[in-house]
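Enquirer: Shown below is the structure under consideration.
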Amino acid sequence: MVITIALDRCADDPRPFFEAATPTHPSLIDTEHRTADLYRIVNVPTGIWIDERGRIVRPNAPVFGNDAFVSMHGIPSGPHLDAVRAWVTEGKLPFDDAGVRARQKLPTPEEQLARAERGLAWHLHRAGHSEAAERHFVRAGELAPHDLTIRRGSMPIRGLDPMGPPFMELYQEWMATGRPYYEKLPD
Amino acid sequence: MSRAPFTLLDEGRAVEVPASASGDGVRIAPDDLRAALGWELKPQGLCLAERCVPVRPTSGIVHHDGVDLAAFAAAVERPLALDTAERVAYLGASAGERAERLASLEAPDFTLPDFDGRPHTLSAFRGTKVLLVAYASW
């Protein structure tokens with residue numbers, strides 16, 4: 001079973017994707033970033049495997065449905081899709097428990113404070129206090145500069161174009177740090 | 001000092017609590033703190049059920065006008081985002097608690113609405129393999 005979660009400000013933002021794909025699986029909306037907090041999701045798309053017993057068997061990792069941007073991020077979709085098929089049809093797991101733990105990225109105090117600042121900003125925004133909200137969105141981004149669910153995800157809320165110059169600026173700043181845009185899962 | 005309503009967002013859940021908010025900080029009466037968050041001021045410290053955190057005189061938690069919200073958050077190791085002027089604060093989950101849950105490999109449960117507003121709970125899918133995919137329009 002696939003379950004998708006849109007880390008968006010409302011259902012209308014991802015609705016065109018939903019309507020184009022007409023999925024039969026649960027397609028959920030997480031305006032509060034509850035799952036980002038629980039699973040330490042810092043960018044999209046992120047995939048997590050959960051087995052029949054409710055255990056994490058493959059940790060958070062960038063996963064793709066196609067290779068549209070593979071030249072940018074260097075993570076081809078094929079190996080993950082093949083691994084999903086092998087898991088579903090043969091029960092084959094890529095890692096044991098220790099292997100999953102070794103590959104998990106766990107949240108830091110700064111990241112959790114950033115989530116609190118983002119939560120406060122989102123509350124203030126919805127209460128109509130956009131100026132106060134802006135201060136806390138900015139603070140959240142400063143605390144977790146690598147968290148795209150905060151920095152890019154807050155752009156539509158803050159009236160910034162997440163596909164336009166504000167994103168290009170963020171992307172260039174990011175590239176200058178030498179950090180990969182997606183945190184690749186170690187082999 | 002007057003105690004107007006102050007909004008505490010406890011991991012997103014909003015609770016109204018009487019508090020004084022000034023340059024000195026946000027102060028909440030111990031009874032109101034207990035009603036809002038469950039933490040109780042006892043002789044042995046701040047307690048939530050069986051767990052107690054010692055309150056030292058130097059920690060700045062307890063004042064004549066109540067418990068200081070920022071010092072309380074630090075004592076219980078929870079991140080606090082505070083807007084004194086807007087009288088609202090977000091009390092998040094600690095990195096330690098989140099990390100421990102993830103490392104247990106027990107998938108944290110959640111309930112979220114779909115496009116029709118119908119709620120779905122992850123744990124209702126026990127017995128089925130789940131590929132959770134987070135995406136966004138941005």
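Starting from 1 in every chain, residues are counted up; chains themselves are A, B, ... following the order of the structure tokens, and ligands are numbered from 1 as listed.
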Would you mind listing, as a PyMOL selection string, all residues of chain A that have at least one atom within 6 Å of chain B, where only C-alpha atoms are what counts?

Expert: chain A and resi 1-8+14+27-29+44-56+106-109+112-113+116-117+120+162

Enquirer: Run DSSP on the backbone and tell me which residues of chain B come out as strand (DSSP E or B); list them as a ChimeraX atom specification.

Expert: /B:4-10,13-22,25-28,40-42,45-48,51-53,62-63,66-68,80-83,88-91,106,111-114,119-121,130-135

Enquirer: List as a PyMOL selection string the protein and nucleic acid residues near Ala102 of chain A, meaning an atom at most 12 Å away when only C-alpha atoms are counted, but skip any in the same chain fewer than 2 places from it.

Expert: (chain A and resi 57-60+95-100+104-106+185-187) or (chain B and resi 102-103+105)

Enquirer: May I have the residues from that selection written out with N, CA and C atoms, as a PDB file, in the first residue's frame?

Expert:
```pdb
ATOM      1  N   VAL A  57      11.475  -0.367   8.093  1.00  0.00           N
ATOM      2  CA  VAL A  57      12.449  -1.312   7.546  1.00  0.00           C
ATOM      3  C   VAL A  57      13.367  -0.680   6.490  1.00  0.00           C
ATOM      4  N   ARG A  58      13.046   0.514   6.073  1.00  0.00           N
ATOM      5  CA  ARG A  58      13.980   1.300   5.247  1.00  0.00           C
ATOM      6  C   ARG A  58      13.776   2.743   5.682  1.00  0.00           C
ATOM      7  N   PRO A  59      14.861   3.413   6.128  1.00  0.00           N
ATOM      8  CA  PRO A  59      14.667   4.751   6.714  1.00  0.00           C
ATOM      9  C   PRO A  59      14.396   5.816   5.656  1.00  0.00           C
ATOM     10  N   ASN A  60      14.076   6.997   6.159  1.00  0.00           N
ATOM     11  CA  ASN A  60      13.834   8.163   5.300  1.00  0.00           C
ATOM     12  C   ASN A  60      14.898   8.284   4.239  1.00  0.00           C
ATOM     13  N   PHE A  95      18.006  -3.979   4.343  1.00  0.00           N
ATOM     14  CA  PHE A  95      18.840  -3.863   5.556  1.00  0.00           C
ATOM     15  C   PHE A  95      18.208  -4.655   6.693  1.00  0.00           C
ATOM     16  N   ASP A  96      19.053  -5.065   7.674  1.00  0.00           N
ATOM     17  CA  ASP A  96      18.491  -5.579   8.929  1.00  0.00           C
ATOM     18  C   ASP A  96      18.271  -4.379   9.859  1.00  0.00           C
ATOM     19  N   ASP A  97      17.754  -4.641  11.082  1.00  0.00           N
ATOM     20  CA  ASP A  97      17.443  -3.536  12.004  1.00  0.00           C
ATOM     21  C   ASP A  97      18.656  -2.635  12.261  1.00  0.00           C
ATOM     22  N   ALA A  98      19.809  -3.288  12.487  1.00  0.00           N
ATOM     23  CA  ALA A  98      21.023  -2.498  12.757  1.00  0.00           C
ATOM     24  C   ALA A  98      21.387  -1.646  11.538  1.00  0.00           C
ATOM     25  N   GLY A  99      21.150  -2.195  10.365  1.00  0.00           N
ATOM     26  CA  GLY A  99      21.434  -1.471   9.135  1.00  0.00           C
ATOM     27  C   GLY A  99      20.506  -0.273   8.951  1.00  0.00           C
ATOM     28  N   VAL A 100      19.255  -0.437   9.371  1.00  0.00           N
ATOM     29  CA  VAL A 100      18.304   0.677   9.297  1.00  0.00           C
ATOM     30  C   VAL A 100      18.748   1.780  10.258  1.00  0.00           C
ATOM     31  N   GLN A 104      19.749   5.833   9.716  1.00  0.00           N
ATOM     32  CA  GLN A 104      18.764   6.846  10.114  1.00  0.00           C
ATOM     33  C   GLN A 104      19.451   8.158  10.444  1.00  0.00           C
ATOM     34  N   LYS A 105      18.847   9.247   9.995  1.00  0.00           N
ATOM     35  CA  LYS A 105      19.302  10.568  10.423  1.00  0.00           C
ATOM     36  C   LYS A 105      18.345  11.000  11.523  1.00  0.00           C
ATOM     37  N   LEU A 106      18.882  11.263  12.697  1.00  0.00           N
ATOM     38  CA  LEU A 106      18.025  11.594  13.826  1.00  0.00           C
ATOM     39  C   LEU A 106      17.989  13.106  14.033  1.00  0.00           C
ATOM     40  N   LEU A 185      20.676   8.021   0.715  1.00  0.00           N
ATOM     41  CA  LEU A 185      20.788   6.913   1.682  1.00  0.00           C
ATOM     42  C   LEU A 185      22.087   6.157   1.423  1.00  0.00           C
ATOM     43  N   PRO A 186      22.943   5.995   2.471  1.00  0.00           N
ATOM     44  CA  PRO A 186      24.199   5.244   2.237  1.00  0.00           C
ATOM     45  C   PRO A 186      23.910   3.799   1.844  1.00  0.00           C
ATOM     46  N   ASP A 187      24.745   3.231   0.991  1.00  0.00           N
ATOM     47  CA  ASP A 187      24.556   1.835   0.535  1.00  0.00           C
ATOM     48  C   ASP A 187      24.676   0.858   1.714  1.00  0.00           C
TER      49      ASP A 187
ATOM     50  N   LEU B 102      12.332   7.103  16.744  1.00  0.00           N
ATOM     51  CA  LEU B 102      12.753   6.643  15.414  1.00  0.00           C
ATOM     52  C   LEU B 102      13.698   5.450  15.529  1.00  0.00           C
ATOM     53  N   ALA B 103      14.624   5.519  16.490  1.00  0.00           N
ATOM     54  CA  ALA B 103      15.610   4.442  16.643  1.00  0.00           C
ATOM     55  C   ALA B 103      14.963   3.154  17.148  1.00  0.00           C
ATOM     56  N   LEU B 105      12.490   1.948  15.841  1.00  0.00           N
ATOM     57  CA  LEU B 105      12.004   1.418  14.560  1.00  0.00           C
ATOM     58  C   LEU B 105      10.490   1.188  14.546  1.00  0.00           C
TER      59      LEU B 105
END
```

Enquirer: Interatomic distance between atom CA of Arg34 of chain A and atom CA of Ser130 of chain A?

Expert: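 These atoms are spaced 21.6 Å apart.
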
Enquirer: Find the residues around His125 of chain A up to 12 Å (only C-alpha atoms counted), leave out those fewer than 6 positions away in its own chain, and share them as JSON, numbers by chain.

Expert: {"A": [9, 118, 119, 131, 132, 133, 134, 135, 136, 137, 154, 156, 157, 158, 159], "B": [86]}

Enquirer: Write out as a ChimeraX atom specification each polymer residue whose atoms come within 7 Å of segment 55-60 of chain B, counting only C-alpha atoms; drop sequence neighbours fewer than 2 positions from it.

Expert: /B:45-46,53,62,71

Enquirer: Write the selection just made, keeping C-alpha atoms, as a compact mmCIF listing (two decimals), in the first residue's frame?

Expert:
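File selection_33.txt, as written:
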```txt
# COMPACT_ATOMS: atom_id res chain seq x y z
CA GLY B 45 10.40 19.22 41.36
CA LEU B 46 8.29 19.46 38.21
CA VAL B 53 12.65 17.14 36.91
CA VAL B 62 9.71 29.32 39.84
CA ALA B 71 12.83 28.08 31.93
```

Enquirer: Counting only C-alpha atoms, which residue out of A:Gly153, A:Tyr39, A:Ala11, A:Met72 sits closest to Met175 of chain A?

Expert: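 For Met175 of chain A, the nearest of the candidates is A:Met72.
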
Enquirer: Check chain B with DSSP on the backbone and list each residue it calls helix (DSSP H, G or I), as a ChimeraX atom specification.

Expert: /B:30-37,57-59,69-75,95-103,122-125

Enquirer: For Ile28 of chain B, please output as a ChimeraX atom specification all residues within 12 Å (counting only C-alpha atoms; exclusion window: fewer than 4 positions along the same chain).

Expert: /B:1-8,16-22,32-37,39-41,61-72

Enquirer: What's the separation between atom CA of Ala86 of chain A and atom CA of Glu19 of chain A, in Å to one decimal place?

Expert: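 Going from atom CA of Ala86 of chain A over to atom CA of Glu19 of chain A, I get 29.0 Å.
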
Enquirer: Quick one: residues within 12 Å of Asp82 of chain A, only C-alpha atoms counted, chain neighbours fewer than 6 positions away excluded, as a short mmCIF file (atom, residue, chain, number, x, y, z; two decimals) with N, CA and C atoms, in the first residue's frame?

Expert:
```
data_model
loop_
_atom_site.label_atom_id
_atom_site.label_comp_id
_atom_site.auth_asym_id
_atom_site.auth_seq_id
_atom_site.Cartn_x
_atom_site.Cartn_y
_atom_site.Cartn_z
N VAL A 63 13.22 9.50 -2.63
CA VAL A 63 12.81 8.49 -3.61
C VAL A 63 12.06 9.19 -4.73
N PHE A 64 12.23 8.67 -5.94
CA PHE A 64 11.63 9.33 -7.10
C PHE A 64 10.81 8.36 -7.93
N GLY A 65 9.75 8.87 -8.55
CA GLY A 65 8.91 8.05 -9.41
C GLY A 65 9.41 8.01 -10.84
N PRO A 76 18.81 7.94 -9.40
CA PRO A 76 17.86 7.37 -10.37
C PRO A 76 16.72 6.65 -9.66
N VAL A 88 7.90 -6.30 -1.96
CA VAL A 88 6.48 -6.68 -2.02
C VAL A 88 6.31 -8.12 -2.51
N THR A 89 7.06 -8.52 -3.54
CA THR A 89 6.82 -9.84 -4.13
C THR A 89 7.62 -10.95 -3.46
N GLU A 90 8.84 -10.63 -2.96
CA GLU A 90 9.69 -11.69 -2.37
C GLU A 90 9.97 -11.48 -0.89
N LYS A 92 11.93 -9.33 0.28
CA LYS A 92 13.35 -9.05 0.41
C LYS A 92 13.58 -7.64 0.99
N LEU A 93 14.35 -7.59 2.08
CA LEU A 93 14.64 -6.30 2.73
C LEU A 93 16.08 -5.89 2.45
N PRO A 94 16.30 -4.60 2.22
CA PRO A 94 17.66 -4.15 1.92
C PRO A 94 18.58 -4.15 3.14
#
```

Enquirer: Would you compute the distance between atom CA of Arg126 of chain A and atom CA of Met168 of chain A? Give it in Å to one decimal.

Expert: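 Interatomic distance, atom CA of Arg126 of chain A to atom CA of Met168 of chain A: 26.8 Å.
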